[in-house]
Amino acid sequence: MLKSVGFTAIIVVFISISVMGQDNFELKETISLTNSPEDAVFKDINGDSLVDLVIGTNEGYVYSFLNDGTGQFSLYDSIYICDYLSFVTVADYDNDGFADFAASGDEQSDVYLYKNDQTGGFDYWKSLSASSFPPRGISADIDGNGLVDIVVGTWRGTDSYIYYNHANGDSFEATALTTSHVHDVISADFDGDSLLDLAFTDPGSNQIQIFIQFESGGFSSSPTNSYGSIGYVELASADFNNDECLDIVSTADENSISNSINLFIGDCDGTFDSTVSYPESSYTYAIVAKDFNLDGFTDLAFTLIHSDSISIYYSNGTGSFPIKDYYPVGDYPNSIATTDFDFDGDLDLAICNQQSNDVYLYINTFCHPYLPGDANMYAGQWPPAVIGADVTYLVNYFRAISPPCLLDGFYASADVNGDCIVLGADVTYLVNYFRGLTDGLHWCPDYQPCWTIDDDIPAEAPPDWPGCD
């Protein structure tokens, strides 16, 4: 928590977006495998509060990699599950405080559950019967009983399934939903009633199928609504235009009329009345929606399979994405996952590359445009500097004369001791810094600065300087 003390009908529209990169990501590590990675999930699996990495491969193995606390991963265990494994989903199904996993594969008719041995290893637990060829499964508390359920879409059968968790995983009750050729499934509250709903992609019929949960619980066996005109592949959901209604975004398959990212604008009642499509030069596939540049707006990261790359679309909060970046990855990137695995306050990425048998780990190097200690940067003078005048300026702040620069509601440049709060102690610390009595200037870990006192400051100011609210 950061604190400051002081001043208190479907219409399809195709849009071209400008290319103005932020270049916030850099490749940290490549994990090489002997098998083809199909899915990746970030989760703490050994109870040390560090985010670990679970990878499922097409050859049927699930690998677990442990995080050493710096964002480096080392192989801990591997388990053979089934041929042609297509997904792995990780959650605490037995409610013992340790993450378990469920997985299945293209030629399977069962979902296999493995229980955590409370060290980060996994033991076979049980199987759940499913229709043929379940390509995707997710974990979520669908019925709101405090236990994590499993939802599995099926490709060759006519039914997908919700497995309702009872008695901490001692039993799972299967409920069928009528779908066909499912490629992906997500859960979200599309109609704003605090109950989780479901959305499935059906590339065969060029549809996204929406299932709205009844207020009394449960679903109709058939879709509540269906939308689409092209072959939608994978889904993500967030409020992209800040109207407090959840929207849906999808990728589109290589047989579609256009390689594109497709945004369905939600109406808060489980319906979506318009679609905005952003054309791409290559087949779009796996996608995640999160705030990657810490501006409060939900951005997109997705894979481009035939160009062996990923793209980041940065949102402006209106449902548009005027800034985008591209980064190279391995051969045939078919899965993407995100979390802050290096613990610096921003979200990083893992990309599974099916045909090069590796996983790329990209770290987010996003920074805030300020210099710690430059309390008077509010004036916008370039280059920034830390001088005696900053002490005077900070003193005047507490006298309610001159506010420091406000970054997203936090006086970041005035927090010189790095405790994520601006107090009189920061004045004392800055004075002692000039006296040579400290080990340097510090900053709040959640507000990584673009420069420090030891850096060479660029000759020209960035376009967003000063970044004061």
# chains A, B, ... in the order shown; residues from 1 in each chain; ligands from 1

$ residues_around --residues "A:Ser216" --least-positions-apart "4" --cutoff "12 Å" --atoms "only C-alpha atoms" --output "VMD selection string"
chain A and resid 143 to 144 193 to 195 212 220

$ residues_around --residues "stretch 47-64 of chain A" --least-positions-apart "5" --cutoff "10 Å" --atoms "only C-alpha atoms" --output "VMD selection string"
chain A and resid 33 to 42 69 to 90 97 to 99 101 103 to 106 118 to 122 337 339 to 343 350 352 354 357 359

$ residues_around --residues "stretch 393-408 of chain A" --least-positions-apart "3" --cutoff "12 Å" --atoms "only C-alpha atoms" --output "PyMOL selection string"
chain A and resi 2-8+293-296+367-380+386-390+411-416+422-431+444+446-449+464-469

$ closest_residue --among "A:Thr251, A:Asn206, A:Thr178, A:Ser260" --to "A:Thr224" --atoms "only C-alpha atoms"
A:Thr178

$ atom_distance --atom1 "atom CA of A:Ser131" --atom2 "atom CA of A:Ile162"
11.9 Å

$ decode --residues "stretch 141-167 of chain A" --atoms "N, CA, C and O atoms" --output "PDB file, in the first residue's frame"
ATOM      1  N   ASP A 141     -13.845 -20.712  -8.929  1.00  0.00           N
ATOM      2  CA  ASP A 141     -14.945 -21.038  -8.018  1.00  0.00           C
ATOM      3  C   ASP A 141     -16.248 -20.592  -8.676  1.00  0.00           C
ATOM      4  O   ASP A 141     -16.760 -19.503  -8.405  1.00  0.00           O
ATOM      5  N   ILE A 142     -16.798 -21.432  -9.533  1.00  0.00           N
ATOM      6  CA  ILE A 142     -17.957 -21.061 -10.331  1.00  0.00           C
ATOM      7  C   ILE A 142     -19.193 -20.861  -9.470  1.00  0.00           C
ATOM      8  O   ILE A 142     -19.978 -19.915  -9.670  1.00  0.00           O
ATOM      9  N   ASP A 143     -19.428 -21.739  -8.497  1.00  0.00           N
ATOM     10  CA  ASP A 143     -20.658 -21.666  -7.700  1.00  0.00           C
ATOM     11  C   ASP A 143     -20.500 -20.861  -6.429  1.00  0.00           C
ATOM     12  O   ASP A 143     -21.438 -20.741  -5.639  1.00  0.00           O
ATOM     13  N   GLY A 144     -19.327 -20.286  -6.190  1.00  0.00           N
ATOM     14  CA  GLY A 144     -19.140 -19.398  -5.053  1.00  0.00           C
ATOM     15  C   GLY A 144     -19.183 -20.057  -3.696  1.00  0.00           C
ATOM     16  O   GLY A 144     -19.482 -19.395  -2.691  1.00  0.00           O
ATOM     17  N   ASN A 145     -18.835 -21.336  -3.613  1.00  0.00           N
ATOM     18  CA  ASN A 145     -18.871 -22.032  -2.320  1.00  0.00           C
ATOM     19  C   ASN A 145     -17.523 -22.060  -1.622  1.00  0.00           C
ATOM     20  O   ASN A 145     -17.350 -22.725  -0.606  1.00  0.00           O
ATOM     21  N   GLY A 146     -16.552 -21.341  -2.178  1.00  0.00           N
ATOM     22  CA  GLY A 146     -15.231 -21.275  -1.561  1.00  0.00           C
ATOM     23  C   GLY A 146     -14.292 -22.375  -1.997  1.00  0.00           C
ATOM     24  O   GLY A 146     -13.145 -22.421  -1.541  1.00  0.00           O
ATOM     25  N   LEU A 147     -14.743 -23.264  -2.889  1.00  0.00           N
ATOM     26  CA  LEU A 147     -13.910 -24.341  -3.405  1.00  0.00           C
ATOM     27  C   LEU A 147     -13.718 -24.149  -4.907  1.00  0.00           C
ATOM     28  O   LEU A 147     -14.632 -23.719  -5.613  1.00  0.00           O
ATOM     29  N   VAL A 148     -12.545 -24.482  -5.396  1.00  0.00           N
ATOM     30  CA  VAL A 148     -12.204 -24.241  -6.792  1.00  0.00           C
ATOM     31  C   VAL A 148     -12.757 -25.361  -7.668  1.00  0.00           C
ATOM     32  O   VAL A 148     -12.472 -26.549  -7.449  1.00  0.00           O
ATOM     33  N   ASP A 149     -13.551 -24.983  -8.656  1.00  0.00           N
ATOM     34  CA  ASP A 149     -14.129 -25.920  -9.610  1.00  0.00           C
ATOM     35  C   ASP A 149     -13.257 -25.984 -10.857  1.00  0.00           C
ATOM     36  O   ASP A 149     -12.293 -25.221 -11.017  1.00  0.00           O
ATOM     37  N   ILE A 150     -13.608 -26.890 -11.771  1.00  0.00           N
ATOM     38  CA  ILE A 150     -12.880 -27.057 -13.029  1.00  0.00           C
ATOM     39  C   ILE A 150     -13.880 -26.975 -14.175  1.00  0.00           C
ATOM     40  O   ILE A 150     -14.955 -27.582 -14.115  1.00  0.00           O
ATOM     41  N   VAL A 151     -13.538 -26.221 -15.212  1.00  0.00           N
ATOM     42  CA  VAL A 151     -14.357 -26.137 -16.424  1.00  0.00           C
ATOM     43  C   VAL A 151     -13.504 -26.624 -17.590  1.00  0.00           C
ATOM     44  O   VAL A 151     -12.377 -26.157 -17.772  1.00  0.00           O
ATOM     45  N   VAL A 152     -14.051 -27.570 -18.358  1.00  0.00           N
ATOM     46  CA  VAL A 152     -13.310 -28.165 -19.466  1.00  0.00           C
ATOM     47  C   VAL A 152     -14.130 -28.060 -20.741  1.00  0.00           C
ATOM     48  O   VAL A 152     -15.300 -28.475 -20.773  1.00  0.00           O
ATOM     49  N   GLY A 153     -13.544 -27.486 -21.775  1.00  0.00           N
ATOM     50  CA  GLY A 153     -14.171 -27.461 -23.085  1.00  0.00           C
ATOM     51  C   GLY A 153     -13.738 -28.677 -23.889  1.00  0.00           C
ATOM     52  O   GLY A 153     -12.641 -29.214 -23.689  1.00  0.00           O
ATOM     53  N   THR A 154     -14.596 -29.145 -24.796  1.00  0.00           N
ATOM     54  CA  THR A 154     -14.251 -30.309 -25.614  1.00  0.00           C
ATOM     55  C   THR A 154     -14.376 -29.986 -27.094  1.00  0.00           C
ATOM     56  O   THR A 154     -15.221 -29.192 -27.505  1.00  0.00           O
ATOM     57  N   TRP A 155     -13.515 -30.635 -27.895  1.00  0.00           N
ATOM     58  CA  TRP A 155     -13.449 -30.354 -29.317  1.00  0.00           C
ATOM     59  C   TRP A 155     -14.321 -31.307 -30.129  1.00  0.00           C
ATOM     60  O   TRP A 155     -15.099 -30.902 -30.963  1.00  0.00           O
ATOM     61  N   ARG A 156     -14.199 -32.600 -29.890  1.00  0.00           N
ATOM     62  CA  ARG A 156     -14.897 -33.571 -30.713  1.00  0.00           C
ATOM     63  C   ARG A 156     -16.284 -33.934 -30.190  1.00  0.00           C
ATOM     64  O   ARG A 156     -17.138 -34.377 -30.944  1.00  0.00           O
ATOM     65  N   GLY A 157     -16.503 -33.754 -28.904  1.00  0.00           N
ATOM     66  CA  GLY A 157     -17.815 -34.063 -28.356  1.00  0.00           C
ATOM     67  C   GLY A 157     -18.778 -32.899 -28.499  1.00  0.00           C
ATOM     68  O   GLY A 157     -18.446 -31.828 -28.994  1.00  0.00           O
ATOM     69  N   THR A 158     -19.994 -33.115 -28.033  1.00  0.00           N
ATOM     70  CA  THR A 158     -21.018 -32.065 -28.102  1.00  0.00           C
ATOM     71  C   THR A 158     -21.200 -31.356 -26.772  1.00  0.00           C
ATOM     72  O   THR A 158     -22.008 -30.437 -26.685  1.00  0.00           O
ATOM     73  N   ASP A 159     -20.483 -31.777 -25.742  1.00  0.00           N
ATOM     74  CA  ASP A 159     -20.653 -31.190 -24.424  1.00  0.00           C
ATOM     75  C   ASP A 159     -19.317 -30.749 -23.840  1.00  0.00           C
ATOM     76  O   ASP A 159     -18.299 -31.434 -23.988  1.00  0.00           O
ATOM     77  N   SER A 160     -19.348 -29.590 -23.174  1.00  0.00           N
ATOM     78  CA  SER A 160     -18.292 -29.202 -22.259  1.00  0.00           C
ATOM     79  C   SER A 160     -18.807 -29.419 -20.845  1.00  0.00           C
ATOM     80  O   SER A 160     -20.005 -29.604 -20.633  1.00  0.00           O
ATOM     81  N   TYR A 161     -17.895 -29.391 -19.868  1.00  0.00           N
ATOM     82  CA  TYR A 161     -18.307 -29.763 -18.519  1.00  0.00           C
ATOM     83  C   TYR A 161     -17.797 -28.770 -17.477  1.00  0.00           C
ATOM     84  O   TYR A 161     -16.678 -28.259 -17.563  1.00  0.00           O
ATOM     85  N   ILE A 162     -18.690 -28.532 -16.491  1.00  0.00           N
ATOM     86  CA  ILE A 162     -18.286 -27.896 -15.233  1.00  0.00           C
ATOM     87  C   ILE A 162     -18.200 -29.006 -14.202  1.00  0.00           C
ATOM     88  O   ILE A 162     -19.162 -29.771 -14.014  1.00  0.00           O
ATOM     89  N   TYR A 163     -17.074 -29.118 -13.530  1.00  0.00           N
ATOM     90  CA  TYR A 163     -16.918 -30.075 -12.438  1.00  0.00           C
ATOM     91  C   TYR A 163     -16.973 -29.290 -11.126  1.00  0.00           C
ATOM     92  O   TYR A 163     -16.007 -28.630 -10.742  1.00  0.00           O
ATOM     93  N   TYR A 164     -18.127 -29.349 -10.474  1.00  0.00           N
ATOM     94  CA  TYR A 164     -18.314 -28.624  -9.218  1.00  0.00           C
ATOM     95  C   TYR A 164     -17.621 -29.369  -8.087  1.00  0.00           C
ATOM     96  O   TYR A 164     -17.856 -30.564  -7.872  1.00  0.00           O
ATOM     97  N   ASN A 165     -16.792 -28.654  -7.359  1.00  0.00           N
ATOM     98  CA  ASN A 165     -15.987 -29.217  -6.283  1.00  0.00           C
ATOM     99  C   ASN A 165     -16.812 -29.317  -5.003  1.00  0.00           C
ATOM    100  O   ASN A 165     -17.381 -28.317  -4.537  1.00  0.00           O
ATOM    101  N   HIS A 166     -16.869 -30.501  -4.423  1.00  0.00           N
ATOM    102  CA  HIS A 166     -17.563 -30.711  -3.157  1.00  0.00           C
ATOM    103  C   HIS A 166     -16.599 -31.343  -2.154  1.00  0.00           C
ATOM    104  O   HIS A 166     -15.764 -32.178  -2.518  1.00  0.00           O
ATOM    105  N   ALA A 167     -16.711 -30.927  -0.914  1.00  0.00           N
ATOM    106  CA  ALA A 167     -15.956 -31.542   0.193  1.00  0.00           C
ATOM    107  C   ALA A 167     -14.452 -31.544  -0.081  1.00  0.00           C
ATOM    108  O   ALA A 167     -13.776 -32.576   0.035  1.00  0.00           O
TER     109      ALA A 167
END
